[in-house]
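J.: This is the structure, below, for whatever I ask next.
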Amino acid sequence: MNEKTVVWALCGSFCTFESILPRMEELVNSGVRVLPLMSFNAAGLDTRFGAAADWKRRLEQLCGTPPIETLQGAEPLGPKNMAQAMVIAPCTGNTLAKLTHGISDTPVTLGAKSMLRSGRPVVIALSTNDGLAASFSNLAALTNRKHYYMVPFAQDDYLKKPSSLQSDFSLIRDTLECALRGRQLGPVLNV
């Protein structure tokens with residue numbers, strides 16, 4: 001996948017950021033240029049998992065460019081052919097719902113719309129506590145849409161959080177490589 005540029009969007013599943021960064025680093029180390037992008041919440045909220053400014057600094061150090069965190073920054077991604085694909089990791093239930101219903105009012109959802117209008121793949125790595133509840137219909141709808149590719153997922157804690165789903169982040173790169181060839185990595189349900 002050398003000489004490619006990929007947009008990597010982070011949504012507000014803050015507890016997964018620490019496990020996402022090594023996956024992003026794998027792409028960077030393989031020669032892929034990664035353009036980081038953050039949702040309003042990911043870019044603006046300090047949480048028990050870290051300060052927003054620290055996450056932005058780490059992303060810039062890793063990728064060599066500051067994260068896109070505005071609608072104006074996300075809009076030209078597709079029309080200006082700035083990347084071959086987009087990864088949304090972690091993708092929250094909120095973002096999943098907005099993508100399903102065509103709502104593009106955040107940098108992540110507008111970035112996805114921008115990529116899709118150019119027929120570019122959007123790879124989704126779920127991290128949502130309601131994946132088998134309120135978000136399930138949205139997951140099913142996007143799984144059936146052209147140019148969306150799911151990183152294989154499973155229940156991450158079926159006893160304490162029976163509706164929670166999380167993608168296997170170690171499969172992001174493999175899913176991306178398949179998506180760039182127009183294929184879905186399987187099995188999608190990683191039981």
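Following the order of the structure tokens, chains are lettered A, B, ..., residues in each are numbered from 1, and ligands are numbered from 1.
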Name the residues in contact with Pro152 of chain A at a cut-off of 6 Å, using only C-alpha atoms, excluding same-chain residues fewer than 5 positions from it; report them as a VMD selection string.
T.: chain A and resid 167 to 168 188 to 190
J.: For the residues in that selection, give me C-alpha atoms as a PDB file, in the first residue's frame.
T.:
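Wrote it out as out_26.pdb, contents follow:
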```pdb
ATOM      1  CA  SER A 167     -13.935  -3.960  15.909  1.00  0.00           C
ATOM      2  CA  ASP A 168     -10.714  -5.907  16.053  1.00  0.00           C
ATOM      3  CA  VAL A 188     -17.200  -9.538   9.428  1.00  0.00           C
ATOM      4  CA  LEU A 189     -18.618 -11.084  12.589  1.00  0.00           C
ATOM      5  CA  ASN A 190     -15.443 -11.944  14.432  1.00  0.00           C
TER       6      ASN A 190
END
```
J.: Would you return as a PyMOL selection string the members of chain A that DSSP assigns to helix (DSSP H, G or I) on this structure's backbone?
T.: chain A and resi 14-29+40-44+52-63+71-74+93-100+107-116+136-143+169-179
J.: Contacts of segment 67-74 of chain A at 9 Å or less, counting only C-alpha atoms, minus same-chain residues fewer than 4 places along, as a list of chain:residue names?
T.: A:Ala9, A:Leu35, A:Pro36, A:Leu37, A:Met38, A:Ser39, A:Phe40, A:Ala42, A:Ala43, A:Lys56, A:Arg57, A:Leu59, A:Glu60, A:Cys63, A:Gly78, A:Ser104, A:Asp105, A:Thr106, A:Pro107, A:Val108, A:Thr109, A:Leu110, A:Gly111, A:Ala112, A:Ser114
J.: Take the residues from that selection and put them in a file with N, CA and C atoms, as a compact mmCIF listing (two decimals), in the first residue's frame.
T.:
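Written file, part28.txt:
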```txt
# COMPACT_ATOMS: atom_id res chain seq x y z
N ALA A 9 -9.86 9.12 10.70
CA ALA A 9 -10.72 9.93 11.56
C ALA A 9 -10.93 9.25 12.90
N LEU A 35 -3.48 11.30 6.97
CA LEU A 35 -4.02 12.62 7.32
C LEU A 35 -4.96 12.42 8.49
N PRO A 36 -4.59 12.84 9.70
CA PRO A 36 -5.48 12.66 10.84
C PRO A 36 -6.64 13.64 10.79
N LEU A 37 -7.79 13.18 11.25
CA LEU A 37 -9.00 13.99 11.29
C LEU A 37 -9.70 13.65 12.60
N MET A 38 -10.29 14.63 13.24
CA MET A 38 -10.95 14.39 14.53
C MET A 38 -12.36 14.97 14.52
N SER A 39 -13.27 14.26 15.17
CA SER A 39 -14.61 14.80 15.38
C SER A 39 -14.51 16.00 16.32
N PHE A 40 -15.57 16.79 16.38
CA PHE A 40 -15.57 17.93 17.30
C PHE A 40 -15.29 17.47 18.72
N ALA A 42 -13.81 14.59 19.79
CA ALA A 42 -12.46 14.05 19.94
C ALA A 42 -11.43 15.17 20.01
N ALA A 43 -11.64 16.23 19.25
CA ALA A 43 -10.69 17.35 19.21
C ALA A 43 -10.87 18.34 20.34
N LYS A 56 -4.09 15.64 20.10
CA LYS A 56 -3.78 16.34 18.84
C LYS A 56 -2.27 16.42 18.62
N ARG A 57 -1.53 16.70 19.68
CA ARG A 57 -0.07 16.76 19.58
C ARG A 57 0.50 15.41 19.17
N LEU A 59 -1.01 12.99 17.53
CA LEU A 59 -1.38 12.72 16.13
C LEU A 59 -0.47 13.49 15.18
N GLU A 60 -0.21 14.74 15.49
CA GLU A 60 0.66 15.54 14.63
C GLU A 60 2.08 14.97 14.60
N CYS A 63 1.86 11.67 12.46
CA CYS A 63 1.51 11.80 11.04
C CYS A 63 2.24 12.93 10.32
N GLY A 78 -12.32 14.64 -0.75
CA GLY A 78 -12.67 13.88 -1.95
C GLY A 78 -12.50 14.67 -3.24
N SER A 104 -24.14 15.30 7.69
CA SER A 104 -22.72 15.62 7.55
C SER A 104 -22.38 16.92 8.27
N ASP A 105 -22.64 16.93 9.58
CA ASP A 105 -22.42 18.15 10.37
C ASP A 105 -21.21 18.08 11.29
N THR A 106 -20.34 17.11 11.08
CA THR A 106 -19.09 17.03 11.84
C THR A 106 -17.95 16.84 10.84
N PRO A 107 -16.72 17.11 11.24
CA PRO A 107 -15.61 16.88 10.32
C PRO A 107 -15.55 15.42 9.83
N VAL A 108 -15.89 14.47 10.69
CA VAL A 108 -15.83 13.06 10.30
C VAL A 108 -16.90 12.73 9.27
N THR A 109 -18.13 13.12 9.53
CA THR A 109 -19.21 12.77 8.60
C THR A 109 -19.11 13.55 7.29
N LEU A 110 -18.66 14.79 7.36
CA LEU A 110 -18.46 15.55 6.12
C LEU A 110 -17.28 14.99 5.34
N GLY A 111 -16.23 14.58 6.05
CA GLY A 111 -15.10 13.95 5.39
C GLY A 111 -15.51 12.67 4.67
N ALA A 112 -16.35 11.86 5.33
CA ALA A 112 -16.84 10.62 4.70
C ALA A 112 -17.68 10.95 3.47
N SER A 114 -17.49 13.53 1.61
CA SER A 114 -16.57 14.04 0.61
C SER A 114 -15.85 12.90 -0.11
```
J.: Skip segment 22-29 of chain A itself and residues of its chain fewer than 5 positions away, then list as a PDB file with N, CA and C atoms, in the first residue's frame all residues within 12 Å of it, counting only C-alpha atoms.
T.:
```pdb
ATOM      1  N   MET A   1       0.824  -1.187   0.000  1.00  0.00           N
ATOM      2  CA  MET A   1       0.000   0.000   0.000  1.00  0.00           C
ATOM      3  C   MET A   1       0.873   1.257   0.000  1.00  0.00           C
ATOM      4  N   ASN A   2       2.086   1.171  -0.421  1.00  0.00           N
ATOM      5  CA  ASN A   2       2.989   2.311  -0.442  1.00  0.00           C
ATOM      6  C   ASN A   2       2.490   3.404  -1.375  1.00  0.00           C
ATOM      7  N   GLU A   3       2.923   4.638  -1.102  1.00  0.00           N
ATOM      8  CA  GLU A   3       2.587   5.809  -1.884  1.00  0.00           C
ATOM      9  C   GLU A   3       1.099   6.124  -1.873  1.00  0.00           C
ATOM     10  N   LYS A   4       0.412   5.701  -0.837  1.00  0.00           N
ATOM     11  CA  LYS A   4      -1.005   6.007  -0.678  1.00  0.00           C
ATOM     12  C   LYS A   4      -1.163   7.046   0.412  1.00  0.00           C
ATOM     13  N   THR A   5      -2.277   7.758   0.339  1.00  0.00           N
ATOM     14  CA  THR A   5      -2.668   8.673   1.404  1.00  0.00           C
ATOM     15  C   THR A   5      -4.021   8.226   1.912  1.00  0.00           C
ATOM     16  N   VAL A   6      -4.138   8.136   3.222  1.00  0.00           N
ATOM     17  CA  VAL A   6      -5.362   7.703   3.875  1.00  0.00           C
ATOM     18  C   VAL A   6      -5.752   8.736   4.917  1.00  0.00           C
ATOM     19  N   VAL A   7      -7.020   9.107   4.939  1.00  0.00           N
ATOM     20  CA  VAL A   7      -7.555   9.944   6.009  1.00  0.00           C
ATOM     21  C   VAL A   7      -7.919   9.001   7.155  1.00  0.00           C
ATOM     22  N   TRP A   8      -7.484   9.327   8.367  1.00  0.00           N
ATOM     23  CA  TRP A   8      -7.823   8.512   9.535  1.00  0.00           C
ATOM     24  C   TRP A   8      -8.579   9.404  10.513  1.00  0.00           C
ATOM     25  N   ALA A   9      -9.860   9.124  10.697  1.00  0.00           N
ATOM     26  CA  ALA A   9     -10.723   9.925  11.559  1.00  0.00           C
ATOM     27  C   ALA A   9     -10.932   9.249  12.904  1.00  0.00           C
ATOM     28  N   LEU A  10     -10.842  10.038  13.952  1.00  0.00           N
ATOM     29  CA  LEU A  10     -11.108   9.562  15.298  1.00  0.00           C
ATOM     30  C   LEU A  10     -12.377  10.217  15.824  1.00  0.00           C
ATOM     31  N   THR A  16     -10.547   4.084  23.529  1.00  0.00           N
ATOM     32  CA  THR A  16      -9.844   3.276  22.532  1.00  0.00           C
ATOM     33  C   THR A  16      -8.660   4.001  21.887  1.00  0.00           C
ATOM     34  N   PHE A  17      -8.487   5.278  22.155  1.00  0.00           N
ATOM     35  CA  PHE A  17      -7.442   6.043  21.474  1.00  0.00           C
ATOM     36  C   PHE A  17      -6.059   5.427  21.648  1.00  0.00           C
ATOM     37  N   VAL A  34      -0.669   9.433   6.300  1.00  0.00           N
ATOM     38  CA  VAL A  34      -1.924   9.460   7.046  1.00  0.00           C
ATOM     39  C   VAL A  34      -2.275  10.902   7.379  1.00  0.00           C
ATOM     40  N   LEU A  35      -3.477  11.305   6.969  1.00  0.00           N
ATOM     41  CA  LEU A  35      -4.017  12.616   7.316  1.00  0.00           C
ATOM     42  C   LEU A  35      -4.963  12.423   8.494  1.00  0.00           C
ATOM     43  N   PRO A  36      -4.589  12.844   9.704  1.00  0.00           N
ATOM     44  CA  PRO A  36      -5.478  12.663  10.844  1.00  0.00           C
ATOM     45  C   PRO A  36      -6.644  13.644  10.795  1.00  0.00           C
ATOM     46  N   ARG A  58       0.006  14.330  19.777  1.00  0.00           N
ATOM     47  CA  ARG A  58       0.490  12.989  19.440  1.00  0.00           C
ATOM     48  C   ARG A  58       0.174  12.632  17.992  1.00  0.00           C
ATOM     49  N   LEU A  59      -1.014  12.991  17.531  1.00  0.00           N
ATOM     50  CA  LEU A  59      -1.378  12.722  16.135  1.00  0.00           C
ATOM     51  C   LEU A  59      -0.471  13.489  15.176  1.00  0.00           C
ATOM     52  N   GLU A  60      -0.207  14.741  15.494  1.00  0.00           N
ATOM     53  CA  GLU A  60       0.662  15.540  14.626  1.00  0.00           C
ATOM     54  C   GLU A  60       2.080  14.969  14.597  1.00  0.00           C
ATOM     55  N   GLN A  61       2.593  14.550  15.750  1.00  0.00           N
ATOM     56  CA  GLN A  61       3.929  13.953  15.789  1.00  0.00           C
ATOM     57  C   GLN A  61       3.985  12.673  14.961  1.00  0.00           C
ATOM     58  N   LEU A  62       2.950  11.866  15.065  1.00  0.00           N
ATOM     59  CA  LEU A  62       2.913  10.590  14.360  1.00  0.00           C
ATOM     60  C   LEU A  62       2.764  10.769  12.851  1.00  0.00           C
ATOM     61  N   CYS A  63       1.859  11.671  12.459  1.00  0.00           N
ATOM     62  CA  CYS A  63       1.508  11.804  11.041  1.00  0.00           C
ATOM     63  C   CYS A  63       2.245  12.929  10.324  1.00  0.00           C
ATOM     64  N   GLY A  64       2.873  13.824  11.069  1.00  0.00           N
ATOM     65  CA  GLY A  64       3.599  14.918  10.441  1.00  0.00           C
ATOM     66  C   GLY A  64       2.725  16.066   9.985  1.00  0.00           C
ATOM     67  N   VAL A  87     -10.409   5.958   6.871  1.00  0.00           N
ATOM     68  CA  VAL A  87     -10.632   5.029   7.978  1.00  0.00           C
ATOM     69  C   VAL A  87     -11.275   5.840   9.092  1.00  0.00           C
ATOM     70  N   ILE A  88     -12.374   5.323   9.642  1.00  0.00           N
ATOM     71  CA  ILE A  88     -12.979   5.937  10.819  1.00  0.00           C
ATOM     72  C   ILE A  88     -12.777   4.948  11.957  1.00  0.00           C
ATOM     73  N   ALA A  89     -11.811   5.274  12.815  1.00  0.00           N
ATOM     74  CA  ALA A  89     -11.445   4.365  13.901  1.00  0.00           C
ATOM     75  C   ALA A  89     -10.965   5.180  15.088  1.00  0.00           C
ATOM     76  N   PRO A  90     -11.696   5.198  16.154  1.00  0.00           N
ATOM     77  CA  PRO A  90     -12.930   4.474  16.419  1.00  0.00           C
ATOM     78  C   PRO A  90     -14.143   5.202  15.832  1.00  0.00           C
ATOM     79  N   ALA A 125     -14.295   1.166  11.807  1.00  0.00           N
ATOM     80  CA  ALA A 125     -13.911   0.320  12.939  1.00  0.00           C
ATOM     81  C   ALA A 125     -14.768   0.738  14.131  1.00  0.00           C
ATOM     82  N   ASP A 168     -12.060  -5.419  15.751  1.00  0.00           N
ATOM     83  CA  ASP A 168     -10.714  -5.907  16.053  1.00  0.00           C
ATOM     84  C   ASP A 168      -9.749  -4.948  15.367  1.00  0.00           C
ATOM     85  N   PHE A 169      -9.220  -4.012  16.132  1.00  0.00           N
ATOM     86  CA  PHE A 169      -8.392  -2.956  15.555  1.00  0.00           C
ATOM     87  C   PHE A 169      -7.148  -3.496  14.863  1.00  0.00           C
ATOM     88  N   SER A 170      -6.718  -4.686  15.222  1.00  0.00           N
ATOM     89  CA  SER A 170      -5.545  -5.263  14.547  1.00  0.00           C
ATOM     90  C   SER A 170      -5.845  -5.595  13.087  1.00  0.00           C
ATOM     91  N   LEU A 171      -7.122  -5.566  12.702  1.00  0.00           N
ATOM     92  CA  LEU A 171      -7.518  -5.883  11.325  1.00  0.00           C
ATOM     93  C   LEU A 171      -7.809  -4.630  10.477  1.00  0.00           C
ATOM     94  N   ILE A 172      -7.532  -3.454  11.014  1.00  0.00           N
ATOM     95  CA  ILE A 172      -7.796  -2.220  10.258  1.00  0.00           C
ATOM     96  C   ILE A 172      -7.001  -2.214   8.954  1.00  0.00           C
ATOM     97  N   ARG A 173      -5.725  -2.486   9.032  1.00  0.00           N
ATOM     98  CA  ARG A 173      -4.898  -2.425   7.822  1.00  0.00           C
ATOM     99  C   ARG A 173      -5.353  -3.452   6.783  1.00  0.00           C
ATOM    100  N   ASP A 174      -5.632  -4.682   7.201  1.00  0.00           N
ATOM    101  CA  ASP A 174      -6.104  -5.701   6.266  1.00  0.00           C
ATOM    102  C   ASP A 174      -7.438  -5.300   5.636  1.00  0.00           C
ATOM    103  N   LEU A 176      -8.543  -2.250   5.218  1.00  0.00           N
ATOM    104  CA  LEU A 176      -8.251  -1.148   4.309  1.00  0.00           C
ATOM    105  C   LEU A 176      -7.691  -1.666   2.990  1.00  0.00           C
ATOM    106  N   GLU A 177      -6.757  -2.591   3.046  1.00  0.00           N
ATOM    107  CA  GLU A 177      -6.180  -3.139   1.809  1.00  0.00           C
ATOM    108  C   GLU A 177      -7.242  -3.827   0.959  1.00  0.00           C
TER     109      GLU A 177
END
```
J.: If you run DSSP on this backbone, which residues of segment 21-148 of chain A come out as strand (DSSP E or B), and could you give them as an MDAnalysis selection string?
T.: chainID A and resid 33:38 47 50 68 85:91 122:128 148
J.: Figure out the distance between atom CA of Gln155 of chain A and atom CA of Gly186 of chain A, please, to one decimal in Å.
T.: 16.2 Å
J.: Given the choices A:Gln84, A:Thr100, A:Asn129, A:Ser118, which gets closest to Ser13 of chain A if the distance is worked out from only C-alpha atoms?
T.: A:Asn129
J.: Smallest atom-to-atom distance to Leu45 of chain A: which of A:Leu126, A:Ala154, A:Cys11, A:Leu142, using only C-alpha atoms?
T.: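 When distances to Leu45 of chain A are compared using only C-alpha atoms, the smallest one comes from A:Cys11.
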J.: What's the separation between atom CA of Ser135 of chain A and atom CA of Asp46 of chain A, in Å to one decimal place?
T.: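 One can read the atom CA of Ser135 of chain A to atom CA of Asp46 of chain A distance as 25.1 Å.
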J.: In Å to one decimal, how far is atom CA of Asn81 of chain A from atom CA of Cys178 of chain A?
T.: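 Atom-to-atom, atom CA of Cys178 of chain A to atom CA of Asn81 of chain A, that is 19.8 Å.
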J.: Using only C-alpha atoms, which of the listed residues (A:Leu96, A:Ile103, A:Leu159, A:Leu180) sits closest to Thr143 of chain A?
T.: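 Closest candidate: A:Leu96.
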